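As provided, input-v3.cif (mmCIF, C-alpha atoms) reads as follows.
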data_input
#
loop_
_atom_site.label_atom_id
_atom_site.label_comp_id
_atom_site.auth_asym_id
_atom_site.auth_seq_id
_atom_site.Cartn_x
_atom_site.Cartn_y
_atom_site.Cartn_z
CA MET L 29 54.15 114.59 18.14
CA SER L 30 52.82 118.12 18.46
CA THR L 31 55.02 121.17 18.69
CA ALA L 32 54.00 121.77 22.32
CA ALA L 33 54.87 118.19 23.26
CA LYS L 34 58.26 118.47 21.54
CA MET L 35 58.96 121.70 23.41
CA ALA L 36 57.96 120.12 26.72
CA THR L 37 60.18 117.11 26.04
CA GLY L 38 63.06 119.42 25.11
CA ASN L 39 62.61 121.40 28.33
CA VAL L 40 62.64 118.21 30.43
CA THR L 41 65.76 116.97 28.64
CA GLY L 42 67.45 120.32 29.11
CA LYS L 43 66.63 120.37 32.83
CA SER L 44 67.90 116.80 33.24
CA ALA L 45 71.17 117.70 31.50
CA TRP L 46 71.52 120.82 33.66
CA HIS L 47 70.94 118.83 36.86
CA LYS L 48 73.47 116.25 35.68
CA TYR L 49 76.11 118.94 35.10
CA VAL L 50 75.44 120.51 38.50
CA PHE L 51 75.66 117.14 40.24
CA THR L 52 78.88 116.25 38.42
CA GLY L 53 80.41 119.61 39.27
CA ALA L 54 79.44 119.25 42.95
CA VAL L 55 81.00 115.78 43.10
CA ILE L 56 84.22 117.05 41.51
CA LEU L 57 84.43 119.98 43.94
CA LEU L 58 83.82 117.67 46.89
CA CYS L 59 86.55 115.28 45.72
CA LEU L 60 88.97 118.17 45.27
CA TRP L 61 88.07 119.51 48.71
CA VAL L 62 89.04 116.15 50.26
CA LEU L 63 91.91 115.02 48.03
CA VAL L 64 93.89 118.24 47.48
CA PRO L 65 94.88 118.67 51.18
CA ILE L 66 95.87 114.98 51.34
CA TYR L 67 97.93 115.38 48.17
CA LEU L 68 99.70 118.48 49.51
CA LEU L 69 100.36 116.69 52.79
CA LEU L 70 101.94 113.71 51.02
CA VAL L 71 103.96 115.89 48.62
CA ASN L 72 105.48 117.90 51.45
CA THR L 73 106.00 114.81 53.61
CA PHE L 74 108.12 113.05 51.01
CA SER L 75 110.02 116.15 49.88
CA SER L 76 113.36 117.40 51.10
CA PRO L 77 113.38 120.28 53.61
CA GLU L 78 114.51 122.64 50.86
CA ASP L 79 111.63 121.60 48.56
CA VAL L 80 109.08 122.02 51.37
CA SER L 81 110.08 125.66 51.82
CA GLY L 82 110.65 126.29 48.11
CA PHE L 83 108.21 127.62 45.52
CA PRO L 84 106.89 126.77 42.99
CA LYS L 85 106.49 123.10 43.83
CA SER L 86 106.71 120.29 41.30
CA PHE L 87 103.62 118.15 40.81
CA ILE L 88 105.63 114.97 41.43
CA PRO L 89 108.38 115.67 43.99
CA ASN L 90 111.78 114.06 44.26
CA ILE L 91 111.13 111.41 46.90
CA ASP L 92 113.00 112.08 50.13
CA THR L 93 112.04 109.96 53.15
CA GLY L 94 114.43 111.69 55.55
CA SER L 95 111.69 113.60 57.39
CA VAL L 96 109.54 110.51 57.88
CA GLU L 97 112.50 108.42 59.08
CA PHE L 98 113.55 111.14 61.52
CA PHE L 99 110.03 111.42 62.88
CA LEU L 100 109.50 107.66 63.25
CA ASN L 101 112.80 107.34 65.09
CA TYR L 102 111.99 110.27 67.36
CA ALA L 103 111.81 109.22 71.00
CA GLY L 104 108.27 108.62 72.20
CA VAL L 105 106.50 108.25 68.84
CA GLY L 106 106.14 104.47 69.12
CA GLN L 107 104.74 104.68 72.65
CA ALA L 108 102.31 107.45 71.65
CA LEU L 109 101.14 105.41 68.66
CA TRP L 110 100.53 102.38 70.87
CA SER L 111 98.63 104.53 73.39
CA SER L 112 96.41 105.85 70.58
CA ILE L 113 95.62 102.32 69.45
CA LYS L 114 94.77 101.17 72.98
CA VAL L 115 92.59 104.17 73.79
CA ALA L 116 90.74 104.01 70.46
CA THR L 117 90.13 100.26 70.83
CA VAL L 118 88.72 100.62 74.36
CA THR L 119 86.59 103.56 73.19
CA MET L 120 85.23 101.50 70.33
CA ILE L 121 84.27 98.62 72.63
CA LEU L 122 82.66 100.83 75.28
CA SER L 123 80.73 102.86 72.70
CA ILE L 124 79.17 99.77 71.14
CA MET L 125 78.48 98.09 74.49
CA ALA L 126 76.56 101.18 75.64
CA GLY L 127 75.27 102.56 72.34
CA ALA L 128 73.85 99.41 70.71
CA PRO L 129 71.52 98.48 73.62
CA ALA L 130 70.36 102.10 73.85
CA GLY L 131 69.67 102.22 70.12
CA TYR L 132 67.74 98.94 70.30
CA ALA L 133 65.64 100.15 73.23
CA LEU L 134 64.81 103.41 71.46
CA SER L 135 63.71 101.58 68.31
CA ARG L 136 61.67 98.79 69.94
CA PHE L 137 60.16 100.12 73.18
CA GLU L 138 57.82 102.95 74.07
CA PHE L 139 58.48 104.40 77.50
CA ARG L 140 57.95 107.62 79.38
CA GLY L 141 60.68 110.15 78.69
CA LYS L 142 61.82 108.52 75.43
CA GLU L 143 62.05 111.79 73.53
CA THR L 144 63.74 113.47 76.49
CA PHE L 145 66.31 110.69 76.54
CA ARG L 146 67.04 111.20 72.85
CA VAL L 147 67.53 114.92 73.43
CA LEU L 148 69.82 114.24 76.39
CA VAL L 149 71.93 111.93 74.24
CA LEU L 150 72.44 114.78 71.78
CA MET L 151 73.03 117.26 74.60
CA THR L 152 76.20 115.41 75.57
CA ARG L 153 77.80 117.10 72.55
CA ALA L 154 76.38 120.52 73.41
CA PHE L 155 79.06 121.30 76.01
CA PRO L 156 82.51 122.13 74.66
CA LEU L 157 85.22 119.79 75.87
CA PRO L 158 87.51 122.62 77.11
CA LEU L 159 84.74 123.62 79.53
CA LEU L 160 84.69 120.11 81.02
CA ALA L 161 88.42 119.45 80.95
CA LEU L 162 89.34 121.09 84.26
CA PRO L 163 86.56 119.42 86.34
CA LEU L 164 87.42 116.10 84.69
CA ALA L 165 91.11 116.52 85.49
CA VAL L 166 90.33 117.28 89.15
CA MET L 167 87.94 114.33 89.42
CA TYR L 168 90.40 111.97 87.73
CA LEU L 169 93.16 113.03 90.13
CA ARG L 170 90.92 112.22 93.08
CA ILE L 171 89.82 108.77 91.86
CA GLY L 172 93.11 107.72 90.27
CA LEU L 173 92.11 107.73 86.61
CA ASP L 174 94.47 110.49 85.56
CA ASP L 175 97.04 109.56 82.91
CA THR L 176 95.42 106.16 82.25
CA VAL L 177 94.12 104.50 79.10
CA LEU L 178 90.75 103.78 80.71
CA GLY L 179 90.27 107.35 81.93
CA LEU L 180 90.92 108.86 78.51
CA ALA L 181 88.83 106.16 76.81
CA LEU L 182 85.86 107.08 79.02
CA VAL L 183 86.07 110.70 77.85
CA HIS L 184 86.32 109.61 74.22
CA THR L 185 83.36 107.27 74.75
CA MET L 186 81.33 110.26 75.91
CA LEU L 187 82.20 111.98 72.62
CA ALA L 188 81.42 108.94 70.46
CA LEU L 189 78.33 107.67 72.28
CA PRO L 190 75.76 110.01 70.65
CA PHE L 191 76.84 108.83 67.20
CA ALA L 192 76.73 105.19 68.30
CA VAL L 193 73.22 105.57 69.73
CA LEU L 194 71.81 107.42 66.72
CA ILE L 195 73.42 105.09 64.17
CA THR L 196 72.29 101.90 65.90
CA PHE L 197 68.82 103.38 66.45
CA SER L 198 68.56 103.98 62.69
CA LEU L 199 69.80 100.45 61.99
CA PHE L 200 67.36 98.72 64.33
CA SER L 201 64.49 100.90 63.08
CA GLY L 202 65.21 99.63 59.56
CA ILE L 203 64.65 95.99 60.62
CA PRO L 204 60.92 95.04 60.70
CA VAL L 205 59.76 94.02 64.15
CA GLU L 206 57.77 91.22 62.48
CA LEU L 207 61.01 89.28 62.09
CA GLU L 208 61.43 89.16 65.85
CA GLU L 209 57.78 88.30 66.36
CA ALA L 210 58.14 85.40 63.95
CA ALA L 211 61.11 84.12 65.93
CA TRP L 212 59.08 84.38 69.15
CA THR L 213 56.35 82.19 67.70
CA LEU L 214 59.00 79.58 66.85
CA GLY L 215 60.15 79.29 70.45
CA CYS L 216 62.83 81.98 70.80
CA ASN L 217 62.80 84.44 73.65
CA ARG L 218 63.62 88.09 73.02
CA PHE L 219 67.35 87.65 73.56
CA GLN L 220 67.56 84.57 71.32
CA ALA L 221 65.56 86.32 68.60
CA PHE L 222 67.91 89.28 68.79
CA VAL L 223 71.07 87.15 68.58
CA LYS L 224 69.86 84.77 65.85
CA VAL L 225 67.75 87.09 63.67
CA ILE L 226 68.47 90.78 64.26
CA LEU L 227 72.16 90.83 65.10
CA PRO L 228 73.35 89.17 61.85
CA LEU L 229 71.38 91.76 59.86
CA VAL L 230 72.73 94.81 61.67
CA LEU L 231 76.26 93.56 62.37
CA PRO L 232 77.81 95.43 59.39
CA GLY L 233 76.18 98.65 60.57
CA ILE L 234 77.31 98.12 64.16
CA THR L 235 80.81 97.56 62.82
CA ALA L 236 80.56 100.88 60.98
CA SER L 237 79.44 102.57 64.20
CA ALA L 238 82.47 101.08 65.93
CA ILE L 239 84.68 102.48 63.18
CA PHE L 240 83.27 105.98 63.77
CA ALA L 241 84.05 105.65 67.48
CA PHE L 242 87.59 104.49 66.69
CA VAL L 243 88.24 107.43 64.36
CA ILE L 244 86.76 109.97 66.82
CA SER L 245 89.09 108.70 69.53
CA TRP L 246 92.07 108.55 67.18
CA ASN L 247 91.70 112.22 66.15
CA GLU L 248 90.82 113.72 69.55
CA VAL L 249 93.59 115.86 70.97
CA PHE L 250 92.36 118.25 73.68
CA ALA L 251 91.34 115.74 76.36
CA ALA L 252 94.41 113.64 75.62
CA ALA L 253 96.66 116.66 76.12
CA VAL L 254 95.00 117.68 79.39
CA LEU L 255 94.40 114.29 81.04
CA THR L 256 97.60 112.44 80.16
CA ILE L 257 101.32 112.95 80.62
CA GLU L 258 103.13 109.62 80.29
CA ASN L 259 100.42 107.94 78.21
CA ARG L 260 99.85 110.66 75.64
CA THR L 261 98.18 109.63 72.42
CA LEU L 262 99.79 110.43 69.09
CA PRO L 263 97.77 113.64 68.42
CA ALA L 264 98.61 114.99 71.89
CA PHE L 265 102.24 114.00 71.46
CA LEU L 266 102.36 115.81 68.13
CA LEU L 267 100.79 118.91 69.66
CA GLN L 268 103.40 118.91 72.40
CA GLY L 269 106.48 117.91 70.43
CA LEU L 270 106.03 119.58 67.04
CA GLY L 271 104.92 123.03 68.11
CA ASN L 272 108.30 124.59 67.37
CA ALA L 273 109.57 121.95 64.97
CA PRO L 274 110.64 122.73 61.38
CA LEU L 275 107.92 122.73 58.75
CA HIS L 276 109.00 119.50 57.06
CA LEU L 277 108.77 117.60 60.37
CA LYS L 278 105.28 118.98 60.96
CA PHE L 279 104.18 117.58 57.60
CA ALA L 280 105.77 114.22 58.43
CA GLY L 281 103.94 114.14 61.77
CA GLY L 282 100.66 115.02 60.10
CA ALA L 283 101.10 112.21 57.59
CA VAL L 284 101.88 109.67 60.31
CA LEU L 285 98.71 110.76 62.10
CA VAL L 286 96.38 110.85 59.07
CA LEU L 287 97.49 107.88 56.97
CA PRO L 288 96.72 105.10 59.53
CA ALA L 289 93.16 106.40 59.92
CA LEU L 290 92.68 106.59 56.13
CA LEU L 291 94.10 103.09 55.71
CA PHE L 292 91.85 101.74 58.46
CA ILE L 293 88.74 103.27 56.88
CA PHE L 294 89.74 101.94 53.45
CA LEU L 295 90.13 98.39 54.78
CA VAL L 296 86.69 98.40 56.42
CA ARG L 297 84.88 100.46 53.78
CA LYS L 298 82.47 97.63 52.94
CA TYR L 299 80.98 97.86 56.43
CA LEU L 300 80.43 101.59 55.99
CA PHE L 301 78.58 101.00 52.71
CA SER L 302 76.55 98.22 54.34
CA MET L 303 75.49 100.58 57.11
CA TRP L 304 73.83 102.99 54.67
CA GLY L 305 72.06 100.13 52.93
CA ILE L 306 70.59 98.83 56.18
CA ALA L 307 69.61 102.26 57.49
CA ASN L 308 67.72 103.10 54.29
CA ARG L 309 65.58 99.97 54.17
#

Could you spell out this file's structure in structure tokens?
Amino acid sequence: MSTAAKMATGNVTGKSAWHKYVFTGAVILLCLWVLVPIYLLLVNTFSSPEDVSGFPKSFIPNIDTGSVEFFLNYAGVGQALWSSIKVATVTMILSIMAGAPAGYALSRFEFRGKETFRVLVLMTRAFPLPLLALPLAVMYLRIGLDDTVLGLALVHTMLALPFAVLITFSLFSGIPVELEEAAWTLGCNRFQAFVKVILPLVLPGITASAIFAFVISWNEVFAAAVLTIENRTLPAFLLQGLGNAPLHLKFAGGAVLVLPALLFIFLVRKYLFSMWGIANR
């Protein structure tokens, strides 16, 4: 091998090693960015009130579950948790029922105003929720949807619907239309071809879209605080009840709010991974 070729090979190897180090460093920083706040939350949640306020903190704290037990036994937490589950479940169902057909239509049909419709779907997230909260509250009072699970779920569906439409559009676009055409030639109509051929292929991705809708509803706080009183979700309840609470109780409330969502995502992680595989076909 000539000297020039050896130098070129050395340069390529050096660049590959440099890119590898940069990628590894970026991954480590991203993991720290996500995991360090969760670690600090857990450490302060399971520490005594004195340790929460003290400094420096030990890496592994002396486990004290007093704050968590006090918070879980606090009046209204169980009802707020159940309200969050109900609202997030209804939001998930409504988002998929509306978003999946819209995503399918965008991927399979050409119609006048298609691009405008896609822009309008995105524009639903262009208006800040605080700007819409007062008109929504007035309208809900007039039609009887104030302080109801369905009323809050409709608002959360509005927030989750753009993601549901875009995700399902990507999923359906990744499935060749020839599969449906083959089913048509074998005697299936469009609906039968969709149910028997397309739906099994995109079901993991649709499940992932439903998970996104669930998490969006679970974490939303502003609409829940404005539109509900008796049926407050857990984030709205925390905002109302822990504003002037001691620091250790705030950490306990944050852990109770964050950990169920993390556990839920962990249990259904395979559907999230399947979604990316289908979308990139």

Selection in question (the file shown): the PyMOL selection byres ((chain L and resi 197-212) around 12). Which residues does it include, as a PDB file with C-alpha atoms, keeping the file's coordinate frame?
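What follows is the written file selection.pdb:
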ATOM      1  CA  ILE L 124      79.170  99.770  71.140  1.00  0.00           C
ATOM      2  CA  GLY L 127      75.270 102.560  72.340  1.00  0.00           C
ATOM      3  CA  ALA L 128      73.850  99.410  70.710  1.00  0.00           C
ATOM      4  CA  PRO L 129      71.520  98.480  73.620  1.00  0.00           C
ATOM      5  CA  ALA L 130      70.360 102.100  73.850  1.00  0.00           C
ATOM      6  CA  GLY L 131      69.670 102.220  70.120  1.00  0.00           C
ATOM      7  CA  TYR L 132      67.740  98.940  70.300  1.00  0.00           C
ATOM      8  CA  ALA L 133      65.640 100.150  73.230  1.00  0.00           C
ATOM      9  CA  LEU L 134      64.810 103.410  71.460  1.00  0.00           C
ATOM     10  CA  SER L 135      63.710 101.580  68.310  1.00  0.00           C
ATOM     11  CA  ARG L 136      61.670  98.790  69.940  1.00  0.00           C
ATOM     12  CA  PHE L 137      60.160 100.120  73.180  1.00  0.00           C
ATOM     13  CA  ARG L 146      67.040 111.200  72.850  1.00  0.00           C
ATOM     14  CA  VAL L 149      71.930 111.930  74.240  1.00  0.00           C
ATOM     15  CA  LEU L 189      78.330 107.670  72.280  1.00  0.00           C
ATOM     16  CA  PRO L 190      75.760 110.010  70.650  1.00  0.00           C
ATOM     17  CA  PHE L 191      76.840 108.830  67.200  1.00  0.00           C
ATOM     18  CA  ALA L 192      76.730 105.190  68.300  1.00  0.00           C
ATOM     19  CA  VAL L 193      73.220 105.570  69.730  1.00  0.00           C
ATOM     20  CA  LEU L 194      71.810 107.420  66.720  1.00  0.00           C
ATOM     21  CA  ILE L 195      73.420 105.090  64.170  1.00  0.00           C
ATOM     22  CA  THR L 196      72.290 101.900  65.900  1.00  0.00           C
ATOM     23  CA  THR L 213      56.350  82.190  67.700  1.00  0.00           C
ATOM     24  CA  LEU L 214      59.000  79.580  66.850  1.00  0.00           C
ATOM     25  CA  GLY L 215      60.150  79.290  70.450  1.00  0.00           C
ATOM     26  CA  CYS L 216      62.830  81.980  70.800  1.00  0.00           C
ATOM     27  CA  ASN L 217      62.800  84.440  73.650  1.00  0.00           C
ATOM     28  CA  ARG L 218      63.620  88.090  73.020  1.00  0.00           C
ATOM     29  CA  PHE L 219      67.350  87.650  73.560  1.00  0.00           C
ATOM     30  CA  GLN L 220      67.560  84.570  71.320  1.00  0.00           C
ATOM     31  CA  ALA L 221      65.560  86.320  68.600  1.00  0.00           C
ATOM     32  CA  PHE L 222      67.910  89.280  68.790  1.00  0.00           C
ATOM     33  CA  VAL L 223      71.070  87.150  68.580  1.00  0.00           C
ATOM     34  CA  LYS L 224      69.860  84.770  65.850  1.00  0.00           C
ATOM     35  CA  VAL L 225      67.750  87.090  63.670  1.00  0.00           C
ATOM     36  CA  ILE L 226      68.470  90.780  64.260  1.00  0.00           C
ATOM     37  CA  LEU L 227      72.160  90.830  65.100  1.00  0.00           C
ATOM     38  CA  PRO L 228      73.350  89.170  61.850  1.00  0.00           C
ATOM     39  CA  LEU L 229      71.380  91.760  59.860  1.00  0.00           C
ATOM     40  CA  VAL L 230      72.730  94.810  61.670  1.00  0.00           C
ATOM     41  CA  LEU L 231      76.260  93.560  62.370  1.00  0.00           C
ATOM     42  CA  PRO L 232      77.810  95.430  59.390  1.00  0.00           C
ATOM     43  CA  GLY L 233      76.180  98.650  60.570  1.00  0.00           C
ATOM     44  CA  ILE L 234      77.310  98.120  64.160  1.00  0.00           C
ATOM     45  CA  THR L 235      80.810  97.560  62.820  1.00  0.00           C
ATOM     46  CA  ALA L 236      80.560 100.880  60.980  1.00  0.00           C
ATOM     47  CA  SER L 237      79.440 102.570  64.200  1.00  0.00           C
ATOM     48  CA  SER L 302      76.550  98.220  54.340  1.00  0.00           C
ATOM     49  CA  MET L 303      75.490 100.580  57.110  1.00  0.00           C
ATOM     50  CA  TRP L 304      73.830 102.990  54.670  1.00  0.00           C
ATOM     51  CA  GLY L 305      72.060 100.130  52.930  1.00  0.00           C
ATOM     52  CA  ILE L 306      70.590  98.830  56.180  1.00  0.00           C
ATOM     53  CA  ALA L 307      69.610 102.260  57.490  1.00  0.00           C
ATOM     54  CA  ASN L 308      67.720 103.100  54.290  1.00  0.00           C
ATOM     55  CA  ARG L 309      65.580  99.970  54.170  1.00  0.00           C
TER      56      ARG L 309
END

*Do a neighbour search on Leu180 of chain L at 9 Å with all atoms listed in the file, toss out local chain neighbours closer than 2 positions, and write the hits as a list of chain:residue names.*
L:Val115, L:Thr119, L:Leu173, L:Asp174, L:Asp175, L:Thr176, L:Val177, L:Leu178, L:Leu182, L:Val183, L:His184, L:Thr185, L:Ala251, L:Ala252, L:Leu255, L:Thr256

*Selection under test: the PyMOL selection byres ((chain L and resi 117) around 12); residues as a PyMOL selection string*: chain L and resi 110-116+118-124+177-178+180-182+184-185+238-246

Please expand the PyMOL selection byres ((chain L and resi 158-168) around 8) into the concrete residues it hits in this file, giving the result as an mmCIF file with C-alpha atoms, in the frame of the given file.
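Contents of selection_17.cif, as written:
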data_model
loop_
_atom_site.group_PDB
_atom_site.id
_atom_site.type_symbol
_atom_site.label_atom_id
_atom_site.label_comp_id
_atom_site.auth_asym_id
_atom_site.auth_seq_id
_atom_site.Cartn_x
_atom_site.Cartn_y
_atom_site.Cartn_z
ATOM 1 C CA PHE L 155 79.060 121.300 76.010
ATOM 2 C CA PRO L 156 82.510 122.130 74.660
ATOM 3 C CA LEU L 157 85.220 119.790 75.870
ATOM 4 C CA LEU L 169 93.160 113.030 90.130
ATOM 5 C CA ARG L 170 90.920 112.220 93.080
ATOM 6 C CA ILE L 171 89.820 108.770 91.860
ATOM 7 C CA GLY L 172 93.110 107.720 90.270
ATOM 8 C CA LEU L 173 92.110 107.730 86.610
ATOM 9 C CA ASP L 174 94.470 110.490 85.560
ATOM 10 C CA GLY L 179 90.270 107.350 81.930
ATOM 11 C CA PHE L 250 92.360 118.250 73.680
ATOM 12 C CA ALA L 251 91.340 115.740 76.360
ATOM 13 C CA VAL L 254 95.000 117.680 79.390
ATOM 14 C CA LEU L 255 94.400 114.290 81.040
#

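Residue nearest Thr261 of chain L within the list L:Phe51, L:Ile91, L:Phe294, L:Glu248: L:Glu248 [criterion: smallest interatomic distance, all atoms listed in the file].
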
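Put simply, atom CA of Thr144 of chain L is 18.9 Å away from atom CA of Leu187 of chain L.
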
*asked:* Give me, as a list in words, all polymer residues having an atom no more than 10 Å from Thr73 of chain L, counting only C-alpha atoms and skipping those fewer than 4 positions away in the same chain.
replied: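 My list of contacting residues is Tyr67, Leu68, Leu69, Pro77, Val80, Pro89, Ile91, Asp92, Thr93, Gly94, Ser95, Val96, Leu275, His276, Leu277, Lys278, Phe279, Ala280, Gly281, Gly282, Ala283 and Val284 of chain L.
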
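Of note, atom CA of Tyr102 of chain L and atom CA of Ala264 of chain L are spaced 14.9 Å apart.
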
*Would you mind reading off the distance between atom CA of Glu258 of chain L and atom CA of Leu70 of chain L, one decimal, in Å?*
29.6 Å

_Please determine, counting only C-alpha atoms, which residue among L:Ile66, L:Ala188, L:Val50, L:Ala108 has the shortest atom-to-atom distance to Leu150 of chain L._
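Of the candidates, the smallest distance to Leu150 of chain L is held by L:Ala188.
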